[in-house]
Structure formats: C-alpha cells, structure tokens
Amino acid sequence: MKELELKYGCNPNQKPARVYMKNGELPFIVLNGKPGYINLLDALNSWQLVKELKEATGQTCAASFKHVSPAGVAIGTPLSEIERQMYFVKESPEELTPIANAYIKARGSDRMSSYGDFCALSDICDEVTARLINREVSDGIIAPGYTAEEILKKKRRGTYCVIEIDPSYIPQEIETKEVFGVSFEQGRNNIQMTEELFKDIVSDNKELPKEALRDLIV
C-alpha cells in the first residue's frame with residue numbers, strides 16, 4: 001500500500017488528509033482503527049525512538065508519546081519491589097516479560113502526560129503487555145508484531161488504533177518536510193550511539209560501568 005487516507009489532519013476540520021510514499025510502499029499496516037494525522041506522527045516518532053534505543057542498548061524498550069512529545073521511555077529490565085508499588089503492578093514478576101516491564105515503566109514515568117498516549121514497543125506485543133495496555137487510557141500502539149491483537153482490537157469499543165511496523169524499514173538518507181508551502185531538506189540523523197562512541201563522548205571517565213552507560217543513553 002502506497003497511500004493511506006486519514007480520518008482528518010491535525011484538527012477534525014482539516015480534511016482531506018492522507019499519508020503516502022513517493023517511492024515504494026508504506027512501512028506499516030493498520031490492523032485496527034483509523035489513525036489521524038497526529039496519531040501517525042506519534043506512532044512513527046515513538047517507533048524511531050524505541051528502534052534506536054534498542055540498537056544502542058541491545059535491550060527491549062517501550063515509549064509513550066503524546067502530541068509528538070515523549071512522555072516516557074524505558075528498557076525492559078525487571079521491576080524492583082518499589083517500582084512495582086510505584087506503577088501499581090498487580091501481576092507477579094514471573095508473569096511480566098521484558099517488553100511488559102518496559103511498557104510499565106514508560107507509561108508510568110509521567111501518568112498525566114501519558115494520558116491518551118500513543119505507545120511504541122521495540123519488540124512483539126505479547127498477551128501480558130496487551131492486557132496492561134488495555135487497562136490504560138490510550139489512543140494507539142505501534143509494534144513490529146502482536147501475539148494477542150484481539151485484546152487490543154476490542155479497546156475503545158473497537159476503535160483502538162493498532163499499527164504493525166516493518167522493523168527492517170530504513171528511511172531515505174535525505175528527509176524533506178514542507179511548512180507553509182516551503183520545503184525543508186536535511187540529512188537524516190542516523191548516528192548510532194554505540195558503547196565506544198559514548199565512551200569517547202564521556203572520555204573523562206574511562207571506567208564507565210555498563211549499567212551507567214545504559215542509564216545515560218536512556
């Protein structure tokens with residue numbers, strides 16, 4: 001599919017609205033719901049964040065976006081007992097997968113800012129994560145796949161936006177945007193934050209622990 005009609009643009013009165021690819025196919029499919037302009041801005045920006053964060057840390061991660069701004073982002077390390085209380089987690093530690101842990105922390109970082117968010121997962125959304133998302137007030141999700149998408153498809157009376165992204169998709173090196181009829185063009189920010197690059201940036205500390213490196217990247 002090269003083009004997708006949207007329910008409206010930034011505001012309900014801004015119709016018609018669409019997204020399309022000048023070359024090739026769209027890198028995602030909509031499994032449920034009908035996204036709007038801001039929904040897709042949130043979806044694609046949040047996916048870019050979790051994709052690059054996983055590449056930098058090597059760990060599963062999740063993000064919560066609201067109106068094209070990150071409200072929370074986290075990696076899938078196990079929750080401490082204090083974190084379980086902070087995030088009101090009812091499930092046992094054995095029930096929670098790394099992607100579920102990442103989602104809990106990302107969504108719980110700032111619950112007011114995340115209210116009605118769009119969430120992104122770096123890995124396949126499993127059943128326990130789908131059930132966690134189902135409890136929250138949220139507009140949609142983007143992930144590379146789903147094992148229990150029927151749970152999410154029932155959310156918001158069947159209108160919840162569920163998007164599956166192609167994890168192998170890489171944008172063009174040159175990005176172009178139009179504002180008020182004027183085209184802006186620049187090279188894509190595709191520098192990967194590796195451990196070696198990060199240590200060069202913080203070269204004053206030659207013995208930086210891996211845990212500190214991970215936390216500073218996040």
# chains A, B, ... in the order shown; residues from 1 in each chain; ligands from 1
>>> select_by_dssp(residues="segment 20-195 of chain A", states="strand (DSSP E or B)", output="JSON, numbers by chain")
{"A": [20, 28, 29, 30, 31, 32, 61, 62, 63, 64, 65, 66, 69, 70, 71, 72, 73, 74, 75, 117, 118, 119, 120, 121, 125, 138, 139, 140, 141, 142, 143, 146, 161, 162, 163, 164, 165, 174, 175, 176, 177, 178, 179, 182, 183, 184, 185, 186, 187]}
>>> write_last_selection(atoms="N, CA and C atoms", output="short mmCIF file (atom, residue, chain, number, x, y, z; two decimals), in the first residue's frame")
data_model
loop_
_atom_site.label_atom_id
_atom_site.label_comp_id
_atom_site.auth_asym_id
_atom_site.auth_seq_id
_atom_site.Cartn_x
_atom_site.Cartn_y
_atom_site.Cartn_z
N TYR A 20 1.41 9.19 2.40
CA TYR A 20 1.74 8.40 1.21
C TYR A 20 3.25 8.36 1.03
N PHE A 28 4.24 0.36 7.13
CA PHE A 28 3.37 -0.12 8.21
C PHE A 28 2.00 -0.47 7.64
N ILE A 29 1.27 -1.27 8.43
CA ILE A 29 -0.13 -1.54 8.10
C ILE A 29 -0.97 -1.27 9.34
N VAL A 30 -2.19 -0.82 9.11
CA VAL A 30 -3.11 -0.56 10.20
C VAL A 30 -3.98 -1.79 10.40
N LEU A 31 -3.82 -2.43 11.55
CA LEU A 31 -4.57 -3.66 11.84
C LEU A 31 -5.94 -3.37 12.42
N ASN A 32 -6.10 -2.18 13.02
CA ASN A 32 -7.38 -1.84 13.64
C ASN A 32 -7.46 -0.33 13.83
N CYS A 61 12.64 -2.27 24.66
CA CYS A 61 12.26 -0.97 25.21
C CYS A 61 10.87 -0.55 24.72
N ALA A 62 10.33 0.46 25.39
CA ALA A 62 9.00 0.98 25.07
C ALA A 62 8.99 2.48 25.28
N ALA A 63 8.05 3.15 24.61
CA ALA A 63 7.92 4.60 24.74
C ALA A 63 6.45 4.99 24.76
N SER A 64 6.18 6.10 25.42
CA SER A 64 4.85 6.69 25.46
C SER A 64 4.95 8.10 24.88
N PHE A 65 4.16 8.38 23.84
CA PHE A 65 4.19 9.68 23.18
C PHE A 65 2.82 10.36 23.27
N LYS A 66 2.83 11.67 23.40
CA LYS A 66 1.58 12.45 23.40
C LYS A 66 1.83 13.75 22.66
N SER A 69 5.47 14.39 21.47
CA SER A 69 6.48 14.57 22.50
C SER A 69 6.55 13.31 23.36
N PRO A 70 7.76 12.86 23.71
CA PRO A 70 7.87 11.68 24.56
C PRO A 70 7.44 11.97 25.99
N ALA A 71 6.52 11.17 26.51
CA ALA A 71 6.10 11.29 27.90
C ALA A 71 6.85 10.31 28.79
N GLY A 72 7.43 9.27 28.19
CA GLY A 72 8.20 8.29 28.95
C GLY A 72 8.84 7.29 28.02
N VAL A 73 10.00 6.81 28.41
CA VAL A 73 10.69 5.77 27.65
C VAL A 73 11.49 4.93 28.63
N ALA A 74 11.55 3.62 28.40
CA ALA A 74 12.23 2.74 29.35
C ALA A 74 12.67 1.46 28.67
N ILE A 75 13.64 0.81 29.27
CA ILE A 75 14.09 -0.50 28.81
C ILE A 75 13.49 -1.59 29.70
N ASP A 117 -2.21 8.50 25.38
CA ASP A 117 -0.97 8.48 24.60
C ASP A 117 -1.02 7.54 23.41
N PHE A 118 0.09 7.50 22.69
CA PHE A 118 0.35 6.50 21.67
C PHE A 118 1.61 5.78 22.13
N CYS A 119 1.57 4.45 22.22
CA CYS A 119 2.73 3.73 22.74
C CYS A 119 3.44 2.97 21.63
N ALA A 120 4.74 2.81 21.83
CA ALA A 120 5.58 2.08 20.87
C ALA A 120 6.35 1.00 21.60
N LEU A 121 6.45 -0.16 20.99
CA LEU A 121 7.21 -1.28 21.55
C LEU A 121 8.28 -1.70 20.56
N CYS A 125 4.38 -7.37 20.68
CA CYS A 125 3.48 -7.16 21.82
C CYS A 125 2.86 -8.50 22.20
N SER A 138 -5.57 5.21 26.26
CA SER A 138 -4.55 5.31 25.22
C SER A 138 -5.22 5.38 23.85
N ASP A 139 -4.56 6.05 22.90
CA ASP A 139 -5.12 6.19 21.55
C ASP A 139 -4.65 5.10 20.59
N GLY A 140 -3.47 4.52 20.86
CA GLY A 140 -2.99 3.53 19.91
C GLY A 140 -1.63 2.97 20.27
N ILE A 141 -1.21 2.03 19.44
CA ILE A 141 0.07 1.35 19.65
C ILE A 141 0.72 1.06 18.31
N ILE A 142 2.05 1.09 18.30
CA ILE A 142 2.82 0.65 17.13
C ILE A 142 3.87 -0.34 17.62
N ALA A 143 3.98 -1.46 16.92
CA ALA A 143 4.92 -2.52 17.30
C ALA A 143 5.22 -3.35 16.07
N TYR A 146 2.27 -8.75 16.89
CA TYR A 146 1.36 -8.97 18.01
C TYR A 146 1.05 -10.46 18.12
N CYS A 161 -6.42 2.15 17.81
CA CYS A 161 -5.53 2.11 16.66
C CYS A 161 -4.37 1.14 16.91
N VAL A 162 -4.29 0.10 16.10
CA VAL A 162 -3.23 -0.90 16.21
C VAL A 162 -2.44 -0.90 14.90
N ILE A 163 -1.16 -0.55 14.99
CA ILE A 163 -0.32 -0.43 13.80
C ILE A 163 0.84 -1.41 13.89
N GLU A 164 1.08 -2.12 12.80
CA GLU A 164 2.23 -3.03 12.72
C GLU A 164 3.28 -2.42 11.80
N ILE A 165 4.47 -2.20 12.31
CA ILE A 165 5.55 -1.57 11.55
C ILE A 165 6.51 -2.63 11.02
N ILE A 174 18.04 11.44 2.88
CA ILE A 174 17.66 12.85 2.86
C ILE A 174 16.19 12.96 3.20
N GLU A 175 15.87 13.78 4.22
CA GLU A 175 14.48 13.98 4.64
C GLU A 175 14.00 15.35 4.18
N THR A 176 12.78 15.37 3.67
CA THR A 176 12.19 16.62 3.20
C THR A 176 10.86 16.85 3.89
N LYS A 177 10.64 18.06 4.38
CA LYS A 177 9.37 18.43 5.00
C LYS A 177 8.91 19.76 4.41
N GLU A 178 7.60 19.94 4.35
CA GLU A 178 7.04 21.18 3.85
C GLU A 178 6.32 21.93 4.96
N VAL A 179 6.63 23.22 5.07
CA VAL A 179 5.97 24.10 6.03
C VAL A 179 5.52 25.36 5.29
N VAL A 182 6.82 25.77 1.84
CA VAL A 182 8.27 25.82 1.68
C VAL A 182 8.86 24.47 2.07
N SER A 183 9.73 23.91 1.23
CA SER A 183 10.34 22.61 1.50
C SER A 183 11.64 22.75 2.29
N PHE A 184 11.74 22.00 3.37
CA PHE A 184 12.96 21.94 4.17
C PHE A 184 13.61 20.58 3.93
N GLU A 185 14.91 20.56 3.72
CA GLU A 185 15.59 19.31 3.43
C GLU A 185 16.87 19.21 4.26
N GLN A 186 17.12 18.00 4.80
CA GLN A 186 18.35 17.78 5.58
C GLN A 186 18.68 16.30 5.57
N GLY A 187 19.93 16.00 5.91
CA GLY A 187 20.34 14.62 6.06
C GLY A 187 19.71 14.02 7.30
#
>>> atom_distance(atom1="atom CA of Thr159 of chain A", atom2="atom CA of Ser109 of chain A")
25.7 Å
>>> closest_residue(among="A:Gly24, A:Pro12, A:Gly116, A:Pro93", to="Arg135 of chain A", atoms="only C-alpha atoms")
A:Gly116
>>> select_by_dssp(residues="segment 13-145 of chain A", states="alpha helix (DSSP H)", output="ChimeraX atom specification")
/A:37-57,81-86,98-108,127-134
>>> residues_around(residues="Gly9 of chain A", least_positions_apart="2", cutoff="12 Å", atoms="only C-alpha atoms", output="PyMOL selection string")
chain A and resi 5-7+11-19+35-41
>>> residues_around(residues="Pro171 of chain A", least_positions_apart="2", cutoff="12 Å", atoms="only C-alpha atoms", output="PyMOL selection string")
chain A and resi 21+23-27+44+48+166-169+173-176+187-190
>>> closest_residue(among="A:Gln172, A:Thr147, A:Asn45, A:Thr129", to="Asn101 of chain A", atoms="only C-alpha atoms")
A:Thr129
